[in-house]
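structure_8.pdb (PDB, C-alpha atoms)
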ATOM      1  CA  MET A 151    -147.346 125.231-150.856
ATOM      2  CA  ARG A 152    -149.446 123.051-153.166
ATOM      3  CA  LYS A 153    -147.720 120.655-155.536
ATOM      4  CA  LEU A 154    -149.098 119.092-158.711
ATOM      5  CA  ASP A 155    -147.838 115.709-159.894
ATOM      6  CA  LEU A 156    -145.887 116.780-162.969
ATOM      7  CA  SER A 157    -143.442 113.866-162.957
ATOM      8  CA  SER A 158    -144.786 112.453-166.220
ATOM      9  CA  ILE A 159    -144.066 115.664-168.165
ATOM     10  CA  GLU A 160    -140.751 116.626-166.583
ATOM     11  CA  SER A 161    -138.947 115.743-169.813
ATOM     12  CA  LEU A 162    -141.136 118.116-171.830
ATOM     13  CA  PHE A 163    -140.524 121.379-169.997
ATOM     14  CA  GLU A 164    -137.614 123.180-168.374
ATOM     15  CA  PRO A 165    -137.520 123.399-164.543
ATOM     16  CA  ASN A 166    -138.552 127.063-164.307
ATOM     17  CA  LEU A 167    -141.584 126.430-166.517
ATOM     18  CA  LEU A 168    -142.541 123.346-164.498
ATOM     19  CA  HIS A 169    -142.413 125.558-161.426
ATOM     20  CA  GLU A 170    -144.837 128.035-163.030
ATOM     21  CA  ILE A 171    -147.128 125.224-164.173
ATOM     22  CA  ASN A 172    -147.201 124.021-160.591
ATOM     23  CA  GLN A 173    -148.162 127.545-159.485
ATOM     24  CA  VAL A 174    -150.971 128.262-161.968
ATOM     25  CA  GLY A 175    -152.044 124.868-163.340
ATOM     26  CA  ILE A 176    -155.294 123.197-162.342
ATOM     27  CA  SER A 177    -155.314 119.420-161.941
ATOM     28  CA  ARG A 178    -158.468 117.740-163.217
ATOM     29  CA  ASN A 179    -159.744 114.189-163.676
ATOM     30  CA  VAL A 180    -162.486 113.733-166.270
ATOM     31  CA  GLU A 181    -164.552 110.604-166.862
ATOM     32  CA  LYS A 182    -164.914 108.819-170.188
ATOM     33  CA  GLY A 183    -167.660 110.323-172.345
ATOM     34  CA  GLU A 184    -167.616 113.730-170.674
ATOM     35  CA  LEU A 185    -167.673 116.833-172.866
ATOM     36  CA  MET A 186    -164.523 118.914-172.344
ATOM     37  CA  ILE A 187    -165.057 121.727-174.863
ATOM     38  CA  ASP A 188    -168.078 122.464-177.027
ATOM     39  CA  ILE A 189    -168.492 124.401-180.246
ATOM     40  CA  GLY A 190    -168.992 128.111-179.627
ATOM     41  CA  GLU A 191    -167.446 128.107-176.155
ATOM     42  CA  SER A 192    -164.838 130.632-175.093
ATOM     43  CA  ILE A 193    -161.500 128.946-174.354
ATOM     44  CA  ARG A 194    -160.295 129.744-170.849
ATOM     45  CA  HIS A 195    -157.720 127.001-170.338
ATOM     46  CA  ILE A 196    -155.154 125.055-172.358
ATOM     47  CA  PRO A 197    -155.267 121.336-171.505
ATOM     48  CA  ILE A 198    -152.104 119.251-171.167
ATOM     49  CA  ILE A 199    -152.943 115.544-171.208
ATOM     50  CA  LEU A 200    -151.233 113.507-168.480
ATOM     51  CA  ASP A 201    -153.179 110.288-169.050
ATOM     52  CA  GLY A 202    -156.000 109.159-171.313
ATOM     53  CA  VAL A 203    -157.268 110.244-174.729
ATOM     54  CA  ILE A 204    -159.468 113.113-175.937
ATOM     55  CA  LYS A 205    -161.354 112.953-179.236
ATOM     56  CA  ILE A 206    -161.637 116.125-181.339
ATOM     57  CA  VAL A 207    -164.590 116.400-183.735
ATOM     58  CA  ARG A 208    -165.933 119.077-186.094
ATOM     59  CA  GLU A 209    -169.592 119.654-186.916
ATOM     60  CA  ASP A 210    -170.866 120.546-190.388
ATOM     61  CA  GLU A 211    -173.809 122.797-191.264
ATOM     62  CA  SER A 212    -176.274 119.906-191.072
ATOM     63  CA  GLY A 213    -175.118 118.966-187.572
ATOM     64  CA  ASP A 214    -173.179 115.838-188.585
ATOM     65  CA  GLU A 215    -169.887 115.252-186.768
ATOM     66  CA  LEU A 216    -166.559 114.261-188.275
ATOM     67  CA  LEU A 217    -163.584 112.956-186.313
ATOM     68  CA  LEU A 218    -160.514 115.164-186.787
ATOM     69  CA  TYR A 219    -157.938 113.554-184.491
ATOM     70  CA  PHE A 220    -157.166 112.145-181.039
ATOM     71  CA  VAL A 221    -155.088 113.947-178.384
ATOM     72  CA  GLU A 222    -152.912 111.733-176.188
ATOM     73  CA  PHE A 223    -150.388 111.942-173.357
ATOM     74  CA  GLY A 224    -148.082 114.959-173.283
ATOM     75  CA  ASN A 225    -150.052 116.849-175.927
ATOM     76  CA  THR A 226    -152.792 119.418-176.272
ATOM     77  CA  CYS A 227    -155.413 120.379-178.847
ATOM     78  CA  ALA A 228    -153.971 122.545-181.635
ATOM     79  CA  MET A 229    -157.433 123.911-182.440
ATOM     80  CA  THR A 230    -157.656 125.119-178.855
ATOM     81  CA  LEU A 231    -154.234 126.757-179.135
ATOM     82  CA  ASN A 232    -155.332 128.483-182.319
ATOM     83  CA  CYS A 233    -158.453 129.847-180.618
ATOM     84  CA  CYS A 234    -156.248 131.211-177.837
ATOM     85  CA  LEU A 235    -153.899 132.913-180.296
ATOM     86  CA  GLU A 236    -156.730 134.367-182.375
ATOM     87  CA  GLN A 237    -158.962 135.028-179.337
ATOM     88  CA  THR A 238    -161.876 133.300-181.045
ATOM     89  CA  LYS A 239    -164.476 130.827-179.797
ATOM     90  CA  SER A 240    -164.104 127.086-180.177
ATOM     91  CA  GLU A 241    -164.859 125.559-183.566
ATOM     92  CA  ILE A 242    -164.474 121.994-182.318
ATOM     93  CA  ARG A 243    -165.980 119.608-179.766
ATOM     94  CA  ALA A 244    -163.622 117.760-177.411
ATOM     95  CA  LEU A 245    -164.880 114.520-175.840
ATOM     96  CA  CYS A 246    -163.093 112.200-173.429
ATOM     97  CA  GLU A 247    -162.406 108.934-175.240
ATOM     98  CA  SER A 248    -161.312 107.413-171.917
ATOM     99  CA  ASP A 249    -160.907 108.555-168.343
ATOM    100  CA  VAL A 250    -158.552 111.518-168.613
ATOM    101  CA  GLN A 251    -156.127 113.185-166.227
ATOM    102  CA  LEU A 252    -154.935 116.610-167.289
ATOM    103  CA  ILE A 253    -153.495 119.948-166.251
ATOM    104  CA  LEU A 254    -155.386 123.096-167.253
ATOM    105  CA  ILE A 255    -153.297 126.210-167.962
ATOM    106  CA  PRO A 256    -155.098 129.592-167.924
ATOM    107  CA  VAL A 257    -154.965 131.089-171.429
ATOM    108  CA  ASN A 258    -153.398 134.367-170.268
ATOM    109  CA  PHE A 259    -150.103 132.513-169.726
ATOM    110  CA  MET A 260    -149.823 131.296-173.322
ATOM    111  CA  ASP A 261    -148.271 134.412-174.899
ATOM    112  CA  PRO A 262    -145.849 135.258-172.037
ATOM    113  CA  TRP A 263    -144.584 131.678-171.954
ATOM    114  CA  LEU A 264    -144.039 131.684-175.738
ATOM    115  CA  ALA A 265    -141.609 134.561-175.297
ATOM    116  CA  LYS A 266    -140.088 133.264-172.059
ATOM    117  CA  TYR A 267    -139.626 129.514-172.457
ATOM    118  CA  LYS A 268    -138.094 127.585-175.351
ATOM    119  CA  SER A 269    -139.716 124.329-174.216
ATOM    120  CA  TRP A 270    -143.180 125.957-174.300
ATOM    121  CA  ARG A 271    -142.567 127.242-177.847
ATOM    122  CA  SER A 272    -141.512 123.755-178.892
ATOM    123  CA  PHE A 273    -144.581 122.267-177.210
ATOM    124  CA  VAL A 274    -146.947 124.654-179.012
ATOM    125  CA  PHE A 275    -145.323 124.414-182.447
ATOM    126  CA  ASN A 276    -144.903 120.634-182.282
ATOM    127  CA  ASN A 277    -148.597 120.281-181.486
ATOM    128  CA  PHE A 278    -149.502 122.511-184.421
ATOM    129  CA  ASN A 279    -147.301 120.457-186.755
ATOM    130  CA  THR A 280    -148.601 117.121-185.497
ATOM    131  CA  ARG A 281    -152.268 118.102-185.710
ATOM    132  CA  LEU A 282    -151.806 119.674-189.151
ATOM    133  CA  SER A 283    -150.376 116.376-190.362
ATOM    134  CA  GLU A 284    -153.324 114.500-188.870
ATOM    135  CA  LEU A 285    -155.816 116.916-190.428
ATOM    136  CA  LEU A 286    -154.197 116.404-193.838
ATOM    137  CA  LYS A 287    -154.512 112.646-193.344
ATOM    138  CA  ALA A 288    -158.196 113.101-192.481
ATOM    139  CA  VAL A 289    -158.751 115.166-195.633
ATOM    140  CA  ASP A 290    -156.875 112.607-197.750
ATOM    141  CA  ALA A 291    -158.948 109.799-196.253
ATOM    142  CA  LEU A 292    -162.215 111.583-197.064
ATOM    143  CA  THR A 293    -161.015 112.401-200.564
ATOM    144  CA  PHE A 294    -159.213 109.255-201.667
ATOM    145  CA  LEU A 295    -160.158 106.312-199.445
ATOM    146  CA  LYS A 296    -163.272 104.184-199.574
ATOM    147  CA  LEU A 297    -165.327 103.861-196.395
ATOM    148  CA  ASP A 298    -164.077 100.335-195.675
ATOM    149  CA  GLU A 299    -160.474 101.594-195.769
ATOM    150  CA  ARG A 300    -161.347 104.556-193.555
ATOM    151  CA  LEU A 301    -163.020 102.164-191.105
ATOM    152  CA  LYS A 302    -159.906  99.978-190.908
ATOM    153  CA  ASN A 303    -157.685 103.023-190.352
ATOM    154  CA  TYR A 304    -160.082 104.273-187.682
ATOM    155  CA  LEU A 305    -160.026 100.994-185.758
ATOM    156  CA  VAL A 306    -156.227 100.760-185.931
ATOM    157  CA  GLU A 307    -155.807 104.354-184.734
ATOM    158  CA  LYS A 308    -158.319 103.859-181.932
ATOM    159  CA  ALA A 309    -156.480 100.738-180.768
ATOM    160  CA  LYS A 310    -153.206 102.649-180.883
ATOM    161  CA  VAL A 311    -154.327 105.653-178.816
ATOM    162  CA  THR A 312    -156.220 103.574-176.247
ATOM    163  CA  ASN A 313    -153.472 100.915-176.107
ATOM    164  CA  THR A 314    -155.907  98.007-176.305
ATOM    165  CA  ILE A 315    -157.293  95.651-178.951
ATOM    166  CA  SER A 316    -160.631  95.494-177.119
ATOM    167  CA  LEU A 317    -162.471  98.646-178.185
ATOM    168  CA  GLY A 318    -165.485  99.774-176.167
ATOM    169  CA  VAL A 319    -167.383 101.524-178.922
ATOM    170  CA  THR A 320    -170.802 101.221-180.549
ATOM    171  CA  HIS A 321    -171.510 100.993-184.258
ATOM    172  CA  LEU A 322    -173.378 104.303-184.016
ATOM    173  CA  GLU A 323    -170.372 106.045-182.450
ATOM    174  CA  ILE A 324    -168.160 104.813-185.282
ATOM    175  CA  ALA A 325    -170.733 105.948-187.837
ATOM    176  CA  ASN A 326    -170.822 109.409-186.286
ATOM    177  CA  ASP A 327    -167.029 109.664-186.253
ATOM    178  CA  LEU A 328    -166.791 108.615-189.902
ATOM    179  CA  ASN A 329    -169.836 110.627-191.017
ATOM    180  CA  SER A 330    -171.629 107.498-192.176
ATOM    181  CA  SER A 331    -174.703 105.514-191.087
ATOM    182  CA  ARG A 332    -174.950 102.828-188.426
ATOM    183  CA  VAL A 333    -176.372 100.321-190.918
ATOM    184  CA  VAL A 334    -173.448 100.717-193.309
ATOM    185  CA  ILE A 335    -170.853 100.511-190.519
ATOM    186  CA  SER A 336    -172.518  97.414-189.060
ATOM    187  CA  ARG A 337    -172.414  95.740-192.480
ATOM    188  CA  LEU A 338    -168.721  96.542-192.954
ATOM    189  CA  LEU A 339    -167.862  95.342-189.442
ATOM    190  CA  LYS A 340    -169.716  92.084-190.075
ATOM    191  CA  GLN A 341    -167.684  91.593-193.250
ATOM    192  CA  LEU A 342    -164.473  92.093-191.264
ATOM    193  CA  GLU A 343    -165.693  89.589-188.655
ATOM    194  CA  ASN A 344    -166.385  87.069-191.405
ATOM    195  CA  GLU A 345    -162.804  87.613-192.607
ATOM    196  CA  GLY A 346    -161.611  86.660-189.120
ATOM    197  CA  VAL A 347    -159.759  89.915-188.380
ATOM    198  CA  LEU A 348    -162.031  90.998-185.515
ATOM    199  CA  ARG A 349    -164.811  89.794-183.226
ATOM    200  CA  LEU A 350    -167.989  91.716-182.474
ATOM    201  CA  GLY A 351    -169.489  91.805-178.992
ATOM    202  CA  ARG A 352    -172.023  93.936-177.198
ATOM    203  CA  ASN A 353    -170.683  97.474-177.623
ATOM    204  CA  THR A 354    -167.242  95.894-178.028
ATOM    205  CA  ILE A 355    -164.961  95.184-180.977
ATOM    206  CA  ILE A 356    -161.968  92.907-180.392
ATOM    207  CA  LEU A 357    -159.251  93.238-183.014
ATOM    208  CA  SER A 358    -156.861  90.474-183.987
ATOM    209  CA  GLU A 359    -153.127  91.106-183.735
ATOM    210  CA  ASP A 360    -152.841  90.597-187.494
ATOM    211  CA  PHE A 361    -155.347  93.398-188.080
ATOM    212  CA  LEU A 362    -152.944  95.884-186.487
ATOM    213  CA  LEU A 363    -149.971  94.908-188.668
TER
END
In structure tokens, write the structure found in this file.
Amino acid sequence: MRKLDLSSIESLFEPNLLHEINQVGISRNVEKGELMIDIGESIRHIPIILDGVIKIVREDESGDELLLYFVEFGNTCAMTLNCCLEQTKSEIRALCESDVQLILIPVNFMDPWLAKYKSWRSFVFNNFNTRLSELLKAVDALTFLKLDERLKNYLVEKAKVTNTISLGVTHLEIANDLNSSRVVISRLLKQLENEGVLRLGRNTIILSEDFLL
């Protein structure tokens, strides 16, 4: 009998559910930068992140992207869960922010497990609550914060989810995530470098410890 490595999520789910996950789950390793889910796709699996980070973005009518939130270890994408519940196509794009290890659960198990397992209900509802809070923060940032403040928050959050102060990211990628321009982001980053809170390298931004406080 096959056996998935579920040791890292044993604390999240009850033994009987872990047994079912082992039976139906699909183990997958995805490289950094790979597209996991695209806008308009039908959702066939629910991802559970075992290692790494996935970035969730939304696209507006003009084709510009906006970062919604990051999905880390032991979590899933609430927008994906919502598509499963409503049986609608994806309204988001999911990109691997790092190399990612995950378990894919076929969507037809979502409803039965909600009725059958308390730990699965908690997992689903906790993800909805967490992502709703993050979406509200994103809306507040767009509404009330200046771009330089949004940039600082973005860098701190990126360092937090990737667990490193050395961020492998281009100025254009940041601009796309923040719905700005590369020129403006480069200018703001240079100002922060002049303040001594970070150092700019080739496709790399190294944050100071003080910047994260």
Hey, which bits of stretch 211-324 of chain A sit within 6 Å of stretch 180-195 of chain A, and for each residue what's the closest pair of atoms and how far apart in Å (one decimal), counting only C-alpha atoms, rows by chain and increasing number, as a tab-separated table?
residue	atom	partner	partner_atom	distance
A:Lys239	CA	A:Ser192	CA	4.7
A:Ser240	CA	A:Gly190	CA	5.0
A:Glu241	CA	A:Ile189	CA	5.1
A:Ile242	CA	A:Ile189	CA	5.1
A:Arg243	CA	A:Asp188	CA	4.5
A:Ala244	CA	A:Ile187	CA	4.9
A:Leu245	CA	A:Leu185	CA	4.7
A:Cys246	CA	A:Lys182	CA	5.0
A:Glu247	CA	A:Lys182	CA	5.6
A:Ser248	CA	A:Lys182	CA	4.2
A:Asp249	CA	A:Lys182	CA	4.4
A:Val250	CA	A:Val180	CA	5.1
A:Leu254	CA	A:His195	CA	5.5
A:Ile255	CA	A:His195	CA	5.1
A:Pro256	CA	A:His195	CA	4.4
A:Val257	CA	A:His195	CA	5.0
Q: Within 8 Å of stretch 161-178 of chain A, counting all atoms listed in the file, which residues show up once you throw out same-chain ones fewer than 3 positions away? Write them as a PyMOL selection string, please.
A: chain A and resi 152-154+156+158+224+251-256+267+269-270+273
Q.
What's the separation between atom CA of A:Arg349 and atom CA of A:Leu301, in Å to one decimal place?
A. 14.8 Å
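With atom CA of A:Glu359 on one side and atom CA of A:Thr314 on the other, the separation reads 10.5 Å.
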Q) atom CA of A:Val221 and atom CA of A:Ile355, how far apart in Å? A) 21.4 Å
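Applied to the file shown here, the PyMOL selection byres ((chain A and resi 360) around 12) selects Val306, Ile315, Glu345, Gly346, Val347, Leu348, Ile356, Leu357, Ser358, Glu359, Phe361, Leu362 and Leu363 of chain A.
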Please produce a file of the residues just selected, as a short mmCIF file (atom, residue, chain, number, x, y, z; two decimals), in the frame of the given file, where the atoms kept are C-alpha atoms.
data_model
loop_
_atom_site.label_atom_id
_atom_site.label_comp_id
_atom_site.auth_asym_id
_atom_site.auth_seq_id
_atom_site.Cartn_x
_atom_site.Cartn_y
_atom_site.Cartn_z
CA VAL A 306 -156.23 100.76 -185.93
CA ILE A 315 -157.29 95.65 -178.95
CA GLU A 345 -162.80 87.61 -192.61
CA GLY A 346 -161.61 86.66 -189.12
CA VAL A 347 -159.76 89.92 -188.38
CA LEU A 348 -162.03 91.00 -185.52
CA ILE A 356 -161.97 92.91 -180.39
CA LEU A 357 -159.25 93.24 -183.01
CA SER A 358 -156.86 90.47 -183.99
CA GLU A 359 -153.13 91.11 -183.74
CA PHE A 361 -155.35 93.40 -188.08
CA LEU A 362 -152.94 95.88 -186.49
CA LEU A 363 -149.97 94.91 -188.67
#
Q.
What's around A:Asn279 at 12 Å? Count only C-alpha atoms, leave out sequence neighbours fewer than 3 positions away in its own chain, and write the answer as a PyMOL selection string.
A. chain A and resi 225-229+272-276+282-286
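Using all atoms listed in the file, the shortest contact distance between A:Ser336 and any of A:Gly351, A:Gly202, A:Gly213, A:Pro262 is found at A:Gly351.
Of the residues listed (A:Phe223, A:Ser331, A:Asp290, A:Gln237), A:Phe223 shows the shortest atom-to-atom separation from A:Val203; distances use all atoms listed in the file.
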